[in-house]
Amino acid sequence: MKRPKTAFFDLSCCEGCQLQIANFGESLLDILDIIDVVEFREVMSEKWDKEIDMAIIEGSVTDEHAAERLKRIRERSKIVIAYGSCATIGGVNGMKNSFDLAEIRKYVYGDGYKFFPAAKTKAIHQVVKVDYFVNGCPIYPPEFERVLKNALQGIPYYVPDYAVCVECKLNENVCMYDRGIACLGPVTRAGCNSWCINNGNICYGCRGIVSNPNEKGMKDVISKYGIDMGFIVNKMDMYNKCRELKHEED
Amino acid sequence: MKKIKQSMNINVEYLTRVEGHGNIVVNVKEGRLQECRLDIVESPRFFEGILRGRSIFEAQHITSRICGICACGHSLASIQAAEDALGIAPSAQTVKLRKLLLHMEILDSHILHIYLLAAPDLLGVKSFIPLIETHNKVVRRALRMKKACNDVCGVLVGRHVHPISAIVGGFTKLPKQKDLNAMHNTLTGMRPDMEATIDLISKLKFPEFERDTEYVALVNDGNEYPLLAGDIGSTDGVRMNKREYRKATNEFIVPHSSAKHTKLSRESYAVGALARFNLNYEKLHPNAKETASVLGMKPKCINPYLNTAAQLIESAHCLEDAVAIIEDFQNSGIDYSEEITVGLNEQKKIPVKAGNGVGAVEVPRGILYHNYEIDENGVIVNADCIIPTNQNLNNIERDMHKLVPELLSQNHAKSEEEVTLALEMLVRAYDPCISCSTHMIKVGFVC
Amino acid sequence: MEKTIIKESNYRIRNARVIKARQMTAHEKLFEIALEGGENLDYEPGQFVIVSLLGVGEAPISICSSPTKAGSFELCVRAVGKVTNAMHRLEAGDDIGIRGPYGKGFPIRILEGNDLLFIAGGLGVAPLRSLIKYAFDNRRDFGKIHILLGCKTSEDMLFADELDQWFKRMDVHYECTVDRAAPDWAGHVGQITTLIPGVHLESERTFAVIVGPPIMYRFVIKEILAKNIPERQIFVSLERHMKCGMGKCGRCQIQNLYCCQDGPVFNYAEIKNMKEAI
Amino acid sequence: MEYVILMKDDFGGFISRLAKLQKLAAPVSKGYNNFSFQEVSSGDEVALKYIPTIIPPKKFFMPRQETLLEFNTAKGLEVKPVVEHEKITLFGVHTCDLAGIQCINMVFSIRPRDYNYLIRKRKIDIIGLECNEYCDEYASCCLVSSHLPSGGYDLFLTDLGDYFIAHVNTQVGEDIVESIKYFKSAEASNLEELKSLRERKRALFKNEVPIEPRLIPEMFDRAFESGVWKDLEERCLACGNCTNVCPTCYCFDIIDETDMDLKTGRRYRNWDSCQLEPFAKVAGGESFRKERSARQRHRYYRKFRYPVSKFARFFCTGCGRCSRACMAKINLKETLNSLLNDRYASKPFINDEI
Ligand SMILES: Cc1cc2nc3c(=O)[nH]c(=O)nc-3n(C[C@H](O)[C@H](O)[C@H](O)COP(=O)(O)OP(=O)(O)OC[C@H]3O[C@@H](n4cnc5c(N)ncnc54)[C@H](O)[C@@H]3O)c2cc1C
Ligand code: SF4
Ligand code: SF4
Ligand code: SF4
């Protein structure tokens, strides 16, 4: 097999997902053995403006300029992989959608705010077609590896469409609800091996919401445990605010 | 100033091998430097804006997402500010574990910078990719060291990028004896690689360029190399409490950049490894001092390119100090009753009070300030973060202003490519983290 | 944890080779496969194999050839997901892994001596073809044979060349219908159910065998029952998500039955009251 | 020596010696009244009084993830079927979990036999531990008669105050007793005490649901269309907790994974759950148990109806894990009670005497 020409791109994000890849250690070299990295701005000076076999894109679309750039990347890429919460669901960048855009710009930039354009944050698939999703903030390296292999083999990858609780139970964590704490695990897509709960924190929903959540049931649970619904909605918005937006493609 | 002979127009769009998006613009017309600046074009993410209305207890979770490289640093600064606002004093054990985390953060980031971002320039290649062929051992060592730091963070806080278990009040999960042993093994196992790194870097030649400037870093009166706590100090003799950070930074807007600039006693100042080295050299671990002498470095060093060398010196320090902390825990044990449950305050099970707090932490690239004002429910009403890279931007531009004419006026004037590379290397030497720096803030609400 | 190589394993695969591969329609491809060492796959019409593409996964696929054909067998595969798409990239000479055959096939001993009514929708023609070919190869053993086929458009028609031959045969009654007709289509247009009332059947000696997409069964069976064919003379083959093929993994369970072991061929009388079956 | 005794004072020594013989796993506390079977080496790590662990001991018999094949496709198809196994002793298995192990033993022993399971099972020694009291309000072990030991162990300990009495059931049990050395043979008085404990238990453990167990299958035969399932539709979050923690749920998925070279790799099986959305979906998009109510119903039928036909026993061990783990508080005993109160499902079967 020819090594696919692969380019890494970053839109608005913290670049932590790229870093997760750098953190592969020496096995990164195995990955570089099978792909031909032609552009990776954070670690490479080389640039590439031709056809790309695989575009691996991090970050969300936060202004028109980014949307245009993304569309151009899509046009010359055979496969688009969105990775990280920013790219796949909008992630923390989406929180700004809860505010009036002009107001938040003014708050941060003062009177000069008009020089700094901004649009509502969007996930990548809300602007262009995406072939593979690697959810998570940051990405869970084993999942990234699996998606990469599937892409190379030309077979689909299905993001788990069941709750983080599944993995959490298998890891035999004491359920946060047993400890009187609200956790977003029951409505969040698994695939991270319940990373946060394994380390004593709650799930913040960074992998997006399962496709068919039982919203009424969840509300019942929340009220049963005496937790304020507004509190949960607020938590949910931390990563999942963008799901309210229409897709440009539709 | 000698006469500049050429005209050139340099525009490096999307500067590579830095974090985030920046452009270098240089315009020389008939011998006169007309323009020379570093544009920050990263689209802003409005972190201070979005923090409003969120619980102080999730601030560190959100602000860690400002930057993937210094996620732990942002977490620690954020936690410090939150605890300051809430009036919580962390336990001695917590502080020690946080120090360990910060050491790992600095070590990890410096290794990344030294090997993957700076070394290619010094070795004359475009990126580390060609090095896989030519310097396979070096690349492997870099990746190995990086992974080791990552593994230690994994054990300590769940992961390095966006740490999980370090929260306001302490840790949600404390390392077990076997975890301590694992971390100890990983770090002591890294020593030969560290020696090899020092050996490698000591043989490389850094560009010669000097410009005297003010260096700013945390300082203290004790013997400890100050990273997690201290006053703000400078080589121009400034010393002030962290709560006065606004007076130490004096942020101002420049039109070409979506990141603010800062100044203190002079027109610009520098933060980061070199600043810390210049201010706190005496407090470095003996191994680090030894490294400094191998590299031939003494304070006060005013060659900005040597920031990379200062990073190496600090790496040696962090590694040894981290090992010492772990050994200490191995001997004295860990008090597991300190493990805290996340979210209790946030869910109003423990009362909170209104307040205003500042966190000032030395992260890999310099002092990072977080400042929050919270209401009586612990909800953030105002937030401000000042990122090291912002503080360096002004200084970088001043360096460029001195460097470009020098390059063009030397006996054999440099070509456009050479100038471009020299400028890129200069910017990279500061290890700028542009995604961090685009946040912006005005409000002056600090007490 | 220790790891030992074992001889006996339920998951052992048999090495095989694609000896012919032919794109039939936009989505379906026909494979002829031979086991390594010229072994015969010992199977009955209606049984399935689990195809194994190492590194991609496994998928249950009905055998669409007749056991009367020795040396190789055929699979007709629609590309829908991981394994099936990867299979579509295989060509003659490529390696492939096979487990099975699995499941209960069509009850040949019961069908023998009777008239047969074959009804297939879409990809359902694949498993049925195995039985049809078997019946042709043993034509004397069966009474009248009716074949009714339905597909979306004429472009989606599988085994089109063979169908032409069936059409020409004296000893079968064959009809075909499409949901949507292309301009050059001369045959029936409409749902498969519209064909049934016109067929002349001797209900007491006719056995109906139906294979098609899940929604088809209910309507077709209604029409057949209207023809007075007794329930126990109706056989269906059901598709369920399947992993192990050995009644363990739990995916193909229909109430207390396992599609992989108790089926895929079921007698209608036995499952008609099962809520999750049809 | 059918019965032996172990003084409580020797318990620590017993566990340490046991752990020296081979790997030893026992229930340990995780806080918040949660327990888990974990490797232990000393007596003070073991939680002697514990309610069912989060995950049952099935995790040792059919690991959450288990390699079945290793392959290399670099030159043709090179496939090695493998089994992963280890010698291990499980200490402190309650009677409900012994029943659970017996259930999955049956599943993997009927033809076609599952060699991976059977090989692994042979390497696991089991030391049971009697519950003298009810775990909590979720338990329903009496309903399915798993509150008393009925085989499935090598050695079985009962706490009788100052000492444990142990029933030696197998040669392996005998060997353990021999090599540990702390055991003495039991006197008649010890056996008397055991007997009276069992008497007390009979009085204490009562059918938790007022139905005669033999009538349960018939109740289920009538309950398929019951409105009880509709109620579960509203509440169930489809998180799969109930099946993952059940000692008799054994559904799995089979997954291939290659190494980075895309040539070598392995095929493994992974626990799966009928409660999850994609479980029963076929390629055409059809899902045969699309509604959460149908999936919950399926779960209950897989405990109380289907296995009765196939294995002549219930596949519920009464451990109560599913109810404990359910965030929506779907409770097994409550569901059974609701079925009893559903007039279509139960009318003729209500047994007033219970
Ligand atoms: C007894 C029997 C006989 C059969 N005979 C034939 C035959 O002769 N010919 C034939 O072509 N087929 C046949 N099938 C069907 C065939 O087995 C399936 O089409 C095949 O298993 C699909 O496998 P796959 O790996 O290609 O698809 P998968 O990759 O498993 O996916 C199939 C579909 O399901 C969806 N999907 C799967 N998993 C997920 C998930 N986790 N999340 C979201 N969506 C998901 C995908 O969108 C996709 O469309 C038969 C099935 C049975 C049971
Ligand atoms: S802790 Fe969270 S993820 Fe884990 S089981 Fe409980 S609700 Fe689910
Ligand atoms: S546990 Fe939740 S927040 Fe944490 S990585 Fe997983 S999905 Fe994201
Ligand atoms: S169904 Fe519930 S009570 Fe019964 S064995 Fe399973 S987990 Fe235990």
# chains A, B, ... in the order shown; residues from 1 in each chain; ligands from 1
>>> interface_residues(of="chain D", to="chain C", cutoff="8 Å", atoms="only C-alpha atoms", output="PDB file with N, CA, C and O atoms, in the first residue's frame")
ATOM      1  N   LEU D  68      -9.057 -14.177  21.077  1.00  0.00           N
ATOM      2  CA  LEU D  68      -9.448 -15.486  20.552  1.00  0.00           C
ATOM      3  C   LEU D  68      -8.463 -15.983  19.504  1.00  0.00           C
ATOM      4  O   LEU D  68      -8.154 -17.164  19.441  1.00  0.00           O
ATOM      5  N   LEU D  69      -8.020 -15.058  18.683  1.00  0.00           N
ATOM      6  CA  LEU D  69      -7.097 -15.420  17.601  1.00  0.00           C
ATOM      7  C   LEU D  69      -5.997 -14.380  17.518  1.00  0.00           C
ATOM      8  O   LEU D  69      -6.209 -13.221  17.835  1.00  0.00           O
ATOM      9  N   PHE D  71      -3.322 -13.148  14.448  1.00  0.00           N
ATOM     10  CA  PHE D  71      -3.125 -13.422  13.026  1.00  0.00           C
ATOM     11  C   PHE D  71      -2.018 -12.580  12.434  1.00  0.00           C
ATOM     12  O   PHE D  71      -1.581 -11.591  13.022  1.00  0.00           O
ATOM     13  N   THR D  73      -1.221 -11.453   8.350  1.00  0.00           N
ATOM     14  CA  THR D  73      -1.628 -11.605   6.959  1.00  0.00           C
ATOM     15  C   THR D  73      -0.527 -11.171   6.001  1.00  0.00           C
ATOM     16  O   THR D  73      -0.779 -10.950   4.823  1.00  0.00           O
ATOM     17  N   GLY D  76      -0.076 -14.715   3.150  1.00  0.00           N
ATOM     18  CA  GLY D  76      -1.247 -15.585   3.269  1.00  0.00           C
ATOM     19  C   GLY D  76      -1.934 -15.351   4.592  1.00  0.00           C
ATOM     20  O   GLY D  76      -1.759 -14.324   5.231  1.00  0.00           O
ATOM     21  N   LEU D  77      -2.745 -16.314   5.031  1.00  0.00           N
ATOM     22  CA  LEU D  77      -3.447 -16.156   6.291  1.00  0.00           C
ATOM     23  C   LEU D  77      -2.786 -17.047   7.327  1.00  0.00           C
ATOM     24  O   LEU D  77      -2.837 -18.255   7.230  1.00  0.00           O
ATOM     25  N   VAL D  79      -3.037 -17.920  11.102  1.00  0.00           N
ATOM     26  CA  VAL D  79      -3.936 -17.698  12.223  1.00  0.00           C
ATOM     27  C   VAL D  79      -3.625 -18.642  13.363  1.00  0.00           C
ATOM     28  O   VAL D  79      -3.463 -19.837  13.164  1.00  0.00           O
ATOM     29  N   LYS D  80      -3.526 -18.077  14.558  1.00  0.00           N
ATOM     30  CA  LYS D  80      -3.311 -18.912  15.735  1.00  0.00           C
ATOM     31  C   LYS D  80      -4.464 -18.716  16.712  1.00  0.00           C
ATOM     32  O   LYS D  80      -4.590 -17.638  17.290  1.00  0.00           O
ATOM     33  N   PRO D  81      -5.287 -19.739  16.925  1.00  0.00           N
ATOM     34  CA  PRO D  81      -6.289 -19.614  17.983  1.00  0.00           C
ATOM     35  C   PRO D  81      -5.584 -19.665  19.334  1.00  0.00           C
ATOM     36  O   PRO D  81      -4.717 -20.511  19.538  1.00  0.00           O
ATOM     37  N   VAL D  82      -5.936 -18.767  20.220  1.00  0.00           N
ATOM     38  CA  VAL D  82      -5.266 -18.745  21.517  1.00  0.00           C
ATOM     39  C   VAL D  82      -6.290 -18.694  22.646  1.00  0.00           C
ATOM     40  O   VAL D  82      -7.454 -18.369  22.431  1.00  0.00           O
ATOM     41  N   VAL D  83      -5.826 -19.045  23.820  1.00  0.00           N
ATOM     42  CA  VAL D  83      -6.652 -18.864  25.007  1.00  0.00           C
ATOM     43  C   VAL D  83      -5.801 -18.154  26.057  1.00  0.00           C
ATOM     44  O   VAL D  83      -4.615 -18.432  26.211  1.00  0.00           O
ATOM     45  N   GLU D  84      -6.420 -17.205  26.735  1.00  0.00           N
ATOM     46  CA  GLU D  84      -5.739 -16.499  27.818  1.00  0.00           C
ATOM     47  C   GLU D  84      -6.253 -17.049  29.135  1.00  0.00           C
ATOM     48  O   GLU D  84      -7.453 -17.198  29.320  1.00  0.00           O
ATOM     49  N   HIS D  85      -5.336 -17.375  30.017  1.00  0.00           N
ATOM     50  CA  HIS D  85      -5.774 -18.004  31.263  1.00  0.00           C
ATOM     51  C   HIS D  85      -4.747 -17.738  32.342  1.00  0.00           C
ATOM     52  O   HIS D  85      -3.610 -17.353  32.059  1.00  0.00           O
ATOM     53  N   GLU D  86      -5.135 -17.913  33.574  1.00  0.00           N
ATOM     54  CA  GLU D  86      -4.151 -17.836  34.643  1.00  0.00           C
ATOM     55  C   GLU D  86      -4.650 -18.625  35.831  1.00  0.00           C
ATOM     56  O   GLU D  86      -5.853 -18.778  36.039  1.00  0.00           O
ATOM     57  N   VAL D 107     -23.829 -22.370  30.008  1.00  0.00           N
ATOM     58  CA  VAL D 107     -23.900 -21.728  28.696  1.00  0.00           C
ATOM     59  C   VAL D 107     -22.711 -22.121  27.830  1.00  0.00           C
ATOM     60  O   VAL D 107     -22.851 -22.460  26.653  1.00  0.00           O
ATOM     61  N   PHE D 108     -21.541 -22.114  28.443  1.00  0.00           N
ATOM     62  CA  PHE D 108     -20.351 -22.338  27.626  1.00  0.00           C
ATOM     63  C   PHE D 108     -19.996 -23.821  27.500  1.00  0.00           C
ATOM     64  O   PHE D 108     -19.093 -24.180  26.773  1.00  0.00           O
ATOM     65  N   PRO D 112     -22.224 -26.009  20.695  1.00  0.00           N
ATOM     66  CA  PRO D 112     -20.778 -26.201  20.594  1.00  0.00           C
ATOM     67  C   PRO D 112     -20.069 -25.618  21.813  1.00  0.00           C
ATOM     68  O   PRO D 112     -20.294 -24.478  22.174  1.00  0.00           O
ATOM     69  N   ARG D 113     -19.249 -26.469  22.424  1.00  0.00           N
ATOM     70  CA  ARG D 113     -18.557 -26.065  23.646  1.00  0.00           C
ATOM     71  C   ARG D 113     -17.571 -24.946  23.372  1.00  0.00           C
ATOM     72  O   ARG D 113     -16.932 -24.911  22.328  1.00  0.00           O
ATOM     73  N   ASP D 114     -17.422 -24.076  24.332  1.00  0.00           N
ATOM     74  CA  ASP D 114     -16.497 -22.957  24.161  1.00  0.00           C
ATOM     75  C   ASP D 114     -15.178 -23.272  24.861  1.00  0.00           C
ATOM     76  O   ASP D 114     -15.070 -23.203  26.069  1.00  0.00           O
ATOM     77  N   TYR D 115     -14.200 -23.642  24.052  1.00  0.00           N
ATOM     78  CA  TYR D 115     -12.943 -24.110  24.635  1.00  0.00           C
ATOM     79  C   TYR D 115     -12.232 -23.037  25.445  1.00  0.00           C
ATOM     80  O   TYR D 115     -11.633 -23.324  26.468  1.00  0.00           O
ATOM     81  N   ASN D 116     -12.303 -21.808  24.955  1.00  0.00           N
ATOM     82  CA  ASN D 116     -11.627 -20.739  25.689  1.00  0.00           C
ATOM     83  C   ASN D 116     -12.144 -20.659  27.117  1.00  0.00           C
ATOM     84  O   ASN D 116     -11.367 -20.568  28.067  1.00  0.00           O
ATOM     85  N   TYR D 250     -23.942 -12.722  29.546  1.00  0.00           N
ATOM     86  CA  TYR D 250     -22.685 -13.153  28.921  1.00  0.00           C
ATOM     87  C   TYR D 250     -22.590 -12.735  27.453  1.00  0.00           C
ATOM     88  O   TYR D 250     -21.726 -13.211  26.734  1.00  0.00           O
ATOM     89  N   CYS D 251     -23.473 -11.877  26.986  1.00  0.00           N
ATOM     90  CA  CYS D 251     -23.424 -11.477  25.576  1.00  0.00           C
ATOM     91  C   CYS D 251     -22.086 -10.812  25.250  1.00  0.00           C
ATOM     92  O   CYS D 251     -21.503 -10.148  26.090  1.00  0.00           O
ATOM     93  N   PHE D 252     -21.656 -11.025  24.034  1.00  0.00           N
ATOM     94  CA  PHE D 252     -20.383 -10.400  23.669  1.00  0.00           C
ATOM     95  C   PHE D 252     -20.357  -9.988  22.213  1.00  0.00           C
ATOM     96  O   PHE D 252     -21.205 -10.381  21.415  1.00  0.00           O
ATOM     97  N   ASP D 253     -19.388  -9.180  21.912  1.00  0.00           N
ATOM     98  CA  ASP D 253     -19.133  -8.711  20.562  1.00  0.00           C
ATOM     99  C   ASP D 253     -17.784  -9.295  20.154  1.00  0.00           C
ATOM    100  O   ASP D 253     -16.985  -9.635  21.022  1.00  0.00           O
ATOM    101  N   ILE D 254     -17.562  -9.420  18.871  1.00  0.00           N
ATOM    102  CA  ILE D 254     -16.245  -9.893  18.428  1.00  0.00           C
ATOM    103  C   ILE D 254     -15.627  -8.798  17.567  1.00  0.00           C
ATOM    104  O   ILE D 254     -16.274  -8.284  16.653  1.00  0.00           O
ATOM    105  N   ILE D 255     -14.416  -8.440  17.904  1.00  0.00           N
ATOM    106  CA  ILE D 255     -13.799  -7.271  17.279  1.00  0.00           C
ATOM    107  C   ILE D 255     -12.389  -7.627  16.795  1.00  0.00           C
ATOM    108  O   ILE D 255     -11.650  -8.339  17.473  1.00  0.00           O
ATOM    109  N   ASP D 256     -12.049  -7.125  15.633  1.00  0.00           N
ATOM    110  CA  ASP D 256     -10.694  -7.314  15.111  1.00  0.00           C
ATOM    111  C   ASP D 256      -9.886  -6.065  15.365  1.00  0.00           C
ATOM    112  O   ASP D 256     -10.403  -4.961  15.272  1.00  0.00           O
ATOM    113  N   GLU D 257      -8.651  -6.266  15.657  1.00  0.00           N
ATOM    114  CA  GLU D 257      -7.785  -5.104  15.795  1.00  0.00           C
ATOM    115  C   GLU D 257      -6.412  -5.434  15.247  1.00  0.00           C
ATOM    116  O   GLU D 257      -5.806  -6.426  15.639  1.00  0.00           O
ATOM    117  N   THR D 258      -5.956  -4.594  14.315  1.00  0.00           N
ATOM    118  CA  THR D 258      -4.627  -4.840  13.771  1.00  0.00           C
ATOM    119  C   THR D 258      -3.613  -3.974  14.502  1.00  0.00           C
ATOM    120  O   THR D 258      -3.971  -2.993  15.136  1.00  0.00           O
ATOM    121  N   LEU D 262      -0.879  -2.951  10.115  1.00  0.00           N
ATOM    122  CA  LEU D 262      -2.104  -3.380   9.442  1.00  0.00           C
ATOM    123  C   LEU D 262      -2.037  -4.833   8.980  1.00  0.00           C
ATOM    124  O   LEU D 262      -2.862  -5.271   8.188  1.00  0.00           O
ATOM    125  N   LYS D 263      -1.067  -5.590   9.463  1.00  0.00           N
ATOM    126  CA  LYS D 263      -0.926  -6.977   9.017  1.00  0.00           C
ATOM    127  C   LYS D 263      -1.112  -7.946  10.186  1.00  0.00           C
ATOM    128  O   LYS D 263      -1.876  -8.891  10.097  1.00  0.00           O
ATOM    129  N   THR D 264      -0.383  -7.708  11.231  1.00  0.00           N
ATOM    130  CA  THR D 264      -0.557  -8.566  12.397  1.00  0.00           C
ATOM    131  C   THR D 264      -1.646  -7.970  13.274  1.00  0.00           C
ATOM    132  O   THR D 264      -1.942  -6.781  13.194  1.00  0.00           O
ATOM    133  N   GLY D 265      -2.227  -8.816  14.084  1.00  0.00           N
ATOM    134  CA  GLY D 265      -3.275  -8.308  14.965  1.00  0.00           C
ATOM    135  C   GLY D 265      -3.953  -9.425  15.713  1.00  0.00           C
ATOM    136  O   GLY D 265      -3.441 -10.550  15.779  1.00  0.00           O
ATOM    137  N   ARG D 266      -5.083  -9.101  16.283  1.00  0.00           N
ATOM    138  CA  ARG D 266      -5.789 -10.099  17.057  1.00  0.00           C
ATOM    139  C   ARG D 266      -7.281  -9.905  16.925  1.00  0.00           C
ATOM    140  O   ARG D 266      -7.751  -8.834  16.558  1.00  0.00           O
ATOM    141  N   ARG D 267      -7.977 -10.973  17.197  1.00  0.00           N
ATOM    142  CA  ARG D 267      -9.440 -10.914  17.217  1.00  0.00           C
ATOM    143  C   ARG D 267      -9.835 -11.219  18.651  1.00  0.00           C
ATOM    144  O   ARG D 267      -9.362 -12.193  19.234  1.00  0.00           O
ATOM    145  N   CYS D 274     -27.388  -6.293  25.648  1.00  0.00           N
ATOM    146  CA  CYS D 274     -28.622  -6.220  24.863  1.00  0.00           C
ATOM    147  C   CYS D 274     -29.363  -4.924  25.138  1.00  0.00           C
ATOM    148  O   CYS D 274     -30.359  -4.633  24.488  1.00  0.00           O
ATOM    149  N   PHE D 279     -27.013  -2.965  19.588  1.00  0.00           N
ATOM    150  CA  PHE D 279     -26.804  -4.410  19.788  1.00  0.00           C
ATOM    151  C   PHE D 279     -27.509  -5.283  18.757  1.00  0.00           C
ATOM    152  O   PHE D 279     -26.906  -6.192  18.184  1.00  0.00           O
ATOM    153  N   ALA D 280     -28.793  -5.035  18.533  1.00  0.00           N
ATOM    154  CA  ALA D 280     -29.549  -5.945  17.673  1.00  0.00           C
ATOM    155  C   ALA D 280     -29.888  -5.331  16.320  1.00  0.00           C
ATOM    156  O   ALA D 280     -30.746  -5.807  15.603  1.00  0.00           O
ATOM    157  N   LYS D 281     -29.173  -4.236  15.981  1.00  0.00           N
ATOM    158  CA  LYS D 281     -29.446  -3.570  14.713  1.00  0.00           C
ATOM    159  C   LYS D 281     -28.804  -4.370  13.579  1.00  0.00           C
ATOM    160  O   LYS D 281     -27.649  -4.762  13.686  1.00  0.00           O
ATOM    161  N   VAL D 282     -29.532  -4.609  12.496  1.00  0.00           N
ATOM    162  CA  VAL D 282     -28.907  -5.267  11.344  1.00  0.00           C
ATOM    163  C   VAL D 282     -28.526  -4.213  10.309  1.00  0.00           C
ATOM    164  O   VAL D 282     -28.873  -3.045  10.432  1.00  0.00           O
ATOM    165  N   ALA D 283     -27.809  -4.686   9.294  1.00  0.00           N
ATOM    166  CA  ALA D 283     -27.216  -3.751   8.343  1.00  0.00           C
ATOM    167  C   ALA D 283     -28.249  -2.856   7.666  1.00  0.00           C
ATOM    168  O   ALA D 283     -27.977  -1.707   7.371  1.00  0.00           O
ATOM    169  N   GLY D 284     -29.442  -3.377   7.427  1.00  0.00           N
ATOM    170  CA  GLY D 284     -30.462  -2.552   6.783  1.00  0.00           C
ATOM    171  C   GLY D 284     -30.955  -1.425   7.671  1.00  0.00           C
ATOM    172  O   GLY D 284     -31.780  -0.619   7.258  1.00  0.00           O
ATOM    173  N   GLU D 286     -32.581  -1.951  10.423  1.00  0.00           N
ATOM    174  CA  GLU D 286     -33.663  -2.491  11.239  1.00  0.00           C
ATOM    175  C   GLU D 286     -33.131  -2.895  12.611  1.00  0.00           C
ATOM    176  O   GLU D 286     -32.094  -3.524  12.724  1.00  0.00           O
ATOM    177  N   PHE D 288     -34.417  -4.968  15.964  1.00  0.00           N
ATOM    178  CA  PHE D 288     -35.553  -5.800  16.353  1.00  0.00           C
ATOM    179  C   PHE D 288     -35.991  -5.566  17.791  1.00  0.00           C
ATOM    180  O   PHE D 288     -37.012  -6.068  18.218  1.00  0.00           O
ATOM    181  N   ARG D 289     -35.187  -4.862  18.520  1.00  0.00           N
ATOM    182  CA  ARG D 289     -35.625  -4.416  19.848  1.00  0.00           C
ATOM    183  C   ARG D 289     -35.256  -2.945  19.983  1.00  0.00           C
ATOM    184  O   ARG D 289     -34.409  -2.564  20.755  1.00  0.00           O
ATOM    185  N   HIS D 298     -36.633  -8.044  27.234  1.00  0.00           N
ATOM    186  CA  HIS D 298     -35.732  -9.118  26.825  1.00  0.00           C
ATOM    187  C   HIS D 298     -34.821  -9.522  27.983  1.00  0.00           C
ATOM    188  O   HIS D 298     -34.607 -10.701  28.247  1.00  0.00           O
ATOM    189  N   TYR D 301     -36.744 -11.575  30.440  1.00  0.00           N
ATOM    190  CA  TYR D 301     -37.039 -12.912  29.907  1.00  0.00           C
ATOM    191  C   TYR D 301     -35.786 -13.767  29.872  1.00  0.00           C
ATOM    192  O   TYR D 301     -35.851 -14.976  29.994  1.00  0.00           O
ATOM    193  N   TYR D 306     -36.532 -17.634  29.278  1.00  0.00           N
ATOM    194  CA  TYR D 306     -35.844 -18.410  28.245  1.00  0.00           C
ATOM    195  C   TYR D 306     -34.915 -19.486  28.820  1.00  0.00           C
ATOM    196  O   TYR D 306     -34.951 -20.623  28.357  1.00  0.00           O
ATOM    197  N   PRO D 307     -34.098 -19.164  29.827  1.00  0.00           N
ATOM    198  CA  PRO D 307     -33.189 -20.206  30.324  1.00  0.00           C
ATOM    199  C   PRO D 307     -33.924 -21.357  30.991  1.00  0.00           C
ATOM    200  O   PRO D 307     -33.373 -22.461  31.101  1.00  0.00           O
TER     201      PRO D 307
END
>>> residues_near_ligand(ligand="ligand 3", cutoff="6 Å", atoms="only C-alpha atoms and all ligand atoms", output="PyMOL selection string")
chain A and resi 136-137+192+194-197+203-207
>>> residues_around(residues="range 327-338 of chain D", least_positions_apart="6", cutoff="10 Å", atoms="only C-alpha atoms", output="number ranges by chain")
A: 175, 177-178, 186, 217-222, 224-225; D: 137-140, 143, 208-211, 216, 219-220, 226-229, 231-232, 234-239, 241-242, 296, 300, 316, 318, 320-321, 345-346
>>> select_by_dssp(residues="range 9-101 of chain C", states="helix (DSSP H, G or I)", output="list in words")
Glu36, Gly37, Gly38, Lys82, Val83, Thr84, Asn85, Ala86, Met87 and His88 of chain C
>>> interface_residues(of="chain A", to="chain B", cutoff="7 Å", atoms="only C-alpha atoms", output="list in words")
Ser12, Cys14, Glu15, Gly16, Leu19, Asn23, Phe24, Gly25, Glu26, Arg41, Glu42, Val43, Met44, Ser45, Glu46, Asn93, Met95, Lys96, Ile104, Tyr107, Val108, Tyr109, Gly110, Pro138, Ile181, Cys196, Asn199, Gly200 and Asn201 of chain A
>>> closest_residue(among="C:Ile110, C:Cys259, C:Ala120, C:Val199", to="ligand 1", atoms="only C-alpha atoms and all ligand atoms")
C:Cys259
>>> atom_distance(atom1="CA of Lys181 in chain D", atom2="CA of Ser36 in chain D")
27.9 Å
